[in-house]
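Here's the structure we're looking at; comments come further down.
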2 protein chains.
Amino acid sequence: MDATERLKKDYPWIQTPLIVQAPMRLISLAPLAVEVWKAGGIGFIGAGTDVSTLSSDLSTAQSLLQSSPTSSTTAHTLPIGIGVICWGASLSEALPSIQSYRPAALWLFAAKSISEFSTWATEIRRVSPQTKIWVQVGSVKEAVSITKAVKPDILVIQGTDAGGHGLVNGASIISLVPEVHDAVQELVEKERVPEPVIIAAGSIVEGRGAAAALALGAAGVAMGTRFLASHEASISKGYQNEVLRASDGGQTTVRTKVYDTLRGTTGWADTHNARGIINRSYGDAMSGMTEEENRRLYEEEVGKGDGGWGVEGRMTTYAGVGVGLIKEVKNAKEIVEEVRDAARRVVERLKLERLDEKGSKVKL
Amino acid sequence: MDATERLKKDYPWIQTPLIVQAPMRLISLAPLAVEVWKAGGIGFIGAGTDVSTLSSDLSTAQSLLQSSPTSSTTAHTLPIGIGVICWGASLSEALPSIQSYRPAALWLFAAKSISEFSTWATEIRRVSPQTKIWVQVGSVKEAVSITKAVKPDILVIQGTDAGGHGLVNGASIISLVPEVHDAVQELVEKERVPEPVIIAAGSIVEGRGAAAALALGAAGVAMGTRFLASHEASISKGYQNEVLRASDGGQTTVRTKVYDTLRGTTGWADTHNARGIINRSYGDAMSGMTEEENRRLYEEEVGKGDGGWGVEGRMTTYAGVGVGLIKEVKNAKEIVEEVRDAARRVVERLKLERLDEKGSKVKL
């Protein structure tokens with residue numbers, strides 16, 4: 001069974017190429033995940049480091065799913081996923097909800113160690129065998145050790161272009177996806193490790209990036225930043241406006257620990273930081289302002305509401321380098337359908353531009 | 001005329017998808033550029049900041065081209081290119097060689113200003129109207145201002161994954177190529193600016209990356225690092241062995257100014273640094289060793305020959321994040337043919353995995 005066939009078996013409601021809405025803490029909740037499901041994608045509730053509301057989030061999702069006229073054909077799982085940041089989330093607190101709602105997928109990220117990933121995977125599989133284990137990685141080394149130890153169903157390969165948290169150092173998916181693919185194939189052949197399906201993430205916001213990811217060897221794509229500009233995201237207008245405004249993301253976003261520091265989300269290991277739009281907090285930190293003063297100004301800014309965002313603002317605006325390709329807030333369903341259709345058209349274009357053996361371009 | 005047709009008109013010996021060998025200072029000389037031409041690619045002599053040997057390099061290239069049994073069909077230009085680093089190279093010194101040898105392309109990089117780029121382009125076009133102007137950019141902003149002012153025939157869009165010099169901050173080609181493409185299209189439509197052909201560079205080392213670049217909207221790809229491991233590169237064994245050894249380039253390479261500082265190549269603007277494999281020079285610089293001491297140790301290492309390269313060595317090893325996909329030294333001709341054929345096969349695979357409207361995968 002190839003990767004696409006496996007995906008269609010495990011998530012029978014999906015359409016291909018598979019579009020995944022990546023979990024975003026506090027931002028991607030049940031309404032967004034369910035809209036993505038309606039469009040034949042896979043949506044994730046971003047539980048992050050706090051699973052105390054997981055049960056109520058899953059209950060909301062279940063209600064939304066049941067009230068949908070296109071209700072799911074699979075009775076075995078709830079056709080959405082949950083994303084957890086393993087170093088901060090409580091496994092024992094999460095398990096009862098997972099056992100009772102059986103989400104289709106658990107996306108694990110940033111455990112303190114490989115064995116912590118293994119514990120999560122083992123326990124989830126014990127209480128809900130139908131739930132598939134997704135693990136997010138950002139390097140070949142991580143991909144190999146996690147594939148061996150955790151035997152994930154899905155490896156999400158995150159390029160360094162991605163918004164929000166990821167490895168401090170990294171590569172884009174251009175070489176990372178093929179290199180991980182080859183390294184994993186070697187494990188599969190030599191050590192009989194079960195083969196994970198590869199999903200690519202990081203600066204994919206539209207059809208061209210999605211088609212590129214398929215060319216690189218991914219079976220589907222995950223997008224976070226693109227869904228910040230969706231009607232169903234739980235996001236302030238100030239933040240969303242910044243996503244629409246920002247362009248040239250290689251110049252206007254940065255990977256840093258500054259925003260985590262100011263917000264007090266300080267449990268992240270030294271290996272991880274996060275990419276966000278450059279604003280005054282970052283500029284002041286780079287100019288040598290003390291952390292104390294910068295945090296005081298940040299906290300003042302929190303009171304300003306939507307006015308606190310922007311180049312001259314101080315509110316954290318996590319986003320990936322692909323932010324410049326996002327021009328409009330849309331329904332999540334429309335985003336999924338558009339990206340999937342556009343990716344199909346790109347494949348069609350490449351096909352029409354058939355490159356023949358003599359090297360001349362033949363229009364079919 | 002579309003981009004591929006324009007390429008085939010301007011460079012009649014090429015096969016598509018177009019594979020370009022990027023100019024590498026001191027490393028890509030006439031033998032490499034001519035081998036790439038033999039395979040239907042475009043090879044560049046990396047003149048860099050010093051054009052004093054340009055005339056003799058071009059003379060060597062001409063001899064090699066004339067002695068080839070598959071000698072060029074185009075009499076109007078020498079079917080190779082020249083790469084210059086504008087801030088350091090002397091335009092007046094370069095012009096007579098360009099006028100007398102008429103290279104097919106001049107790749108301009110890192111001028112001090114947009115107007116310096118314009119001066120180079122104008123003067124080259126004056127002395128050799130057949131020579132096409134290529135300009136390398138790393139951001140949407142650069143792409144837009146250069147397209148307006150310089151009207152290049154080709155825009156080389158370099159992702160931050162690339163080895164050697166480029167912008168300090170940047171994006172990979174995943175979003176950069178589409179965003180530049182759209183911004184340039186807008187200029188073409190609104191301001192009637194001539195449309196440049198887009199070539200993508202940065203972490204492309206094999207067929208999957210090349211096919212991805214085509215999906216993103218590039219008409220061809222440029223590779224540097226891949227050609228470091230070619231028999232025709234002018235490169236020491238120690239450096240080449242490192243290119244074969246290194247893997248997981250997101251973790252094992254870094255963008256930094258440290259190597260330039262130690263080697264005394266200090267004319268680069270603050271906006272530019274370079275990506276190389278992490279070694280002791282970099283580690284010591286990060287641990288706070290003085291520049292003076294680090295340079296002394298570097299200069300000592302120079303005497304060690306091939307032994308000076310490696311993780312514990314100090315010799316500069318510029319390479320892109322795609323380095324982990326390079327396993328073997330090959331002939332440049334073979335590299336061009338392999339990457340082109342593999343890219344065609346990837347397009348073929350995507351085509352066979354036709355994604356139908358119902359979302360199921362149909363094998364044709």
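For the structure tokens, the naming scheme is as follows: chains receive sequential letters (A, B, ...) according to their order of presentation, residues are indexed from 1 within each chain, and ligands are indexed from 1 in presentation order.
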Mind dumping a table of every chain A residue within 8 Å of chain B, with the nearest atom pair and its distance in Å to one decimal, using only C-alpha atoms, sorted by chain and rising number, as a tab-separated table?
residue	atom	partner	partner_atom	distance
A:Thr4	CA	B:Lys361	CA	7.4
A:Glu5	CA	B:Lys361	CA	7.9
A:Ile14	CA	B:Gly359	CA	7.6
A:Gln15	CA	B:Gly359	CA	4.2
A:Thr16	CA	B:Gly359	CA	4.8
A:Pro17	CA	B:Leu355	CA	6.9
A:Ser139	CA	B:Asp248	CA	6.5
A:Val140	CA	B:Asp248	CA	5.5
A:Lys141	CA	B:Asp248	CA	7.1
A:Asp161	CA	B:Ala171	CA	6.5
A:Asn169	CA	B:Gln251	CA	5.8
A:Gly170	CA	B:Gly250	CA	3.9
A:Ala171	CA	B:Gly250	CA	4.1
A:Ser172	CA	B:Ser172	CA	6.1
A:Ile174	CA	B:Gly209	CA	5.6
A:Ser175	CA	B:Gly322	CA	5.0
A:Leu176	CA	B:Gly322	CA	7.6
A:Pro178	CA	B:Arg208	CA	7.1
A:Glu179	CA	B:Leu325	CA	6.1
A:Ser203	CA	B:Ser175	CA	5.9
A:Ile204	CA	B:Ser175	CA	6.9
A:Val205	CA	B:Ser175	CA	7.8
A:Arg208	CA	B:Leu216	CA	4.9
A:Gly209	CA	B:Ile174	CA	5.6
A:Ala211	CA	B:Ala215	CA	6.0
A:Ala212	CA	B:Ala212	CA	4.0
A:Ala213	CA	B:Ala212	CA	6.8
A:Leu214	CA	B:Leu350	CA	7.6
A:Ala215	CA	B:Ala212	CA	5.3
A:Leu216	CA	B:Arg208	CA	4.9
A:Gly217	CA	B:Arg208	CA	7.4
A:Asp248	CA	B:Val140	CA	5.5
A:Gly249	CA	B:Ala171	CA	6.8
A:Gly250	CA	B:Gly170	CA	3.9
A:Gln251	CA	B:Gly170	CA	5.8
A:Val321	CA	B:Ala171	CA	6.2
A:Gly322	CA	B:Ser175	CA	5.0
A:Gly324	CA	B:Glu179	CA	6.8
A:Leu325	CA	B:Glu179	CA	6.1
A:Arg344	CA	B:Leu355	CA	6.6
A:Val346	CA	B:Ala215	CA	6.2
A:Val347	CA	B:Leu350	CA	6.6
A:Glu348	CA	B:Lys351	CA	7.3
A:Leu350	CA	B:Val347	CA	6.6
A:Lys351	CA	B:Lys351	CA	6.0
A:Leu355	CA	B:Thr16	CA	6.4
A:Lys358	CA	B:Gln15	CA	7.1
A:Gly359	CA	B:Gln15	CA	4.2
A:Ser360	CA	B:Thr16	CA	6.5
A:Lys361	CA	B:Thr16	CA	7.2
Strand (DSSP E) positions in segment 57-265 of chain B, given as a ChimeraX atom specification:
/B:78-85,103-109,132-137,154-158,164-167,197-201,220-223,253-256
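Every protein, DNA or RNA residue with an atom at most 8 Å from Phe227 of chain B, where only C-alpha atoms count and chain neighbours fewer than 2 positions away do not, is listed here: Gln21, Met223, Gly224, Thr225, Ala229, Ser230, Ala233, Ala332 and Ile335 of chain B.
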Separating atom CA of Trp134 of chain B from atom CA of Gly264 of chain B, to the nearest tenth of an Å, is a gap of 27.6 Å
Hey, what does DSSP flag as helix (DSSP H, G or I) within segment 120-199 of chain B? Can you give it to me as a ChimeraX atom specification?
/B:120-127,140-150,173-191
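For the pair atom CA of Glu191 of chain B and atom CA of Ser128 of chain B, the separation is 26.8 Å.
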Can you pull out every residue within 6 Å of segment 154-158 of chain A, counting only C-alpha atoms, but drop anything in the same chain fewer than 2 positions away, and send it as a PyMOL selection string?
chain A and resi 134-138+152+196-202
Would you write out those residues with C-alpha atoms, as a JSON list (two decimals), in the first residue's frame?
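Saved to result-v7.json:
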[["chain", "number", "residue", "atom", "x", "y", "z"],
["A", 134, "TRP", "CA", 2.02, 11.92, 14.25],
["A", 135, "VAL", "CA", 5.43, 13.25, 15.32],
["A", 136, "GLN", "CA", 6.87, 16.58, 14.17],
["A", 137, "VAL", "CA", 10.60, 16.69, 13.42],
["A", 138, "GLY", "CA", 12.98, 19.33, 12.09],
["A", 152, "PRO", "CA", 5.06, 6.99, 14.18],
["A", 196, "PRO", "CA", 5.93, 6.46, 8.33],
["A", 197, "VAL", "CA", 4.00, 8.60, 5.86],
["A", 198, "ILE", "CA", 5.69, 11.95, 5.28],
["A", 199, "ILE", "CA", 3.83, 15.25, 5.57],
["A", 200, "ALA", "CA", 5.73, 18.48, 4.83],
["A", 201, "ALA", "CA", 5.32, 21.76, 6.73],
["A", 202, "GLY", "CA", 7.00, 25.14, 6.65]]
What lies within 9 Å of segment 295-305 of chain A using only C-alpha atoms, ignoring chain neighbours under 6 positions off, as a count of residues only?
9
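Counting only C-alpha atoms and comparing A:Ile80, A:Pro96, A:Ser59, A:Ala105, the residue that lies closest to Val36 of chain A is A:Ile80.
Rounded to one decimal, atom CA of Thr271 of chain B and atom CA of Val258 of chain B lie 14.2 Å from each other.
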Env of segment 23-30 of chain B: 6 Å cut, atoms = only C-alpha atoms, seq-sep filter 2 positions within chain, self excluded. Answer as a CSV table (one decimal) with C-alpha atoms, in the first residue's frame.
chain,number,residue,atom,x,y,z
B,32,LEU,CA,33.7,23.0,-15.2
B,33,ALA,CA,31.6,25.5,-17.2
B,34,VAL,CA,32.4,23.8,-20.5
B,44,PHE,CA,29.5,29.9,-15.2
B,45,ILE,CA,33.1,30.8,-14.6
B,46,GLY,CA,33.2,32.3,-11.1
B,47,ALA,CA,35.2,35.5,-11.5
B,48,GLY,CA,34.0,36.8,-8.3
B,57,ASP,CA,39.8,32.0,-18.3
B,61,ALA,CA,37.0,28.1,-22.3
B,83,GLY,CA,29.7,35.4,-12.5
B,233,ALA,CA,35.7,21.7,-9.9
B,234,SER,CA,38.9,23.4,-8.9
B,235,ILE,CA,38.7,22.3,-5.3
Would you please work out which residue, of B:Asn279, B:Ser100, B:Thr147, B:Ser287, is nearest to Gln62 of chain B when using only C-alpha atoms?
B:Ser100
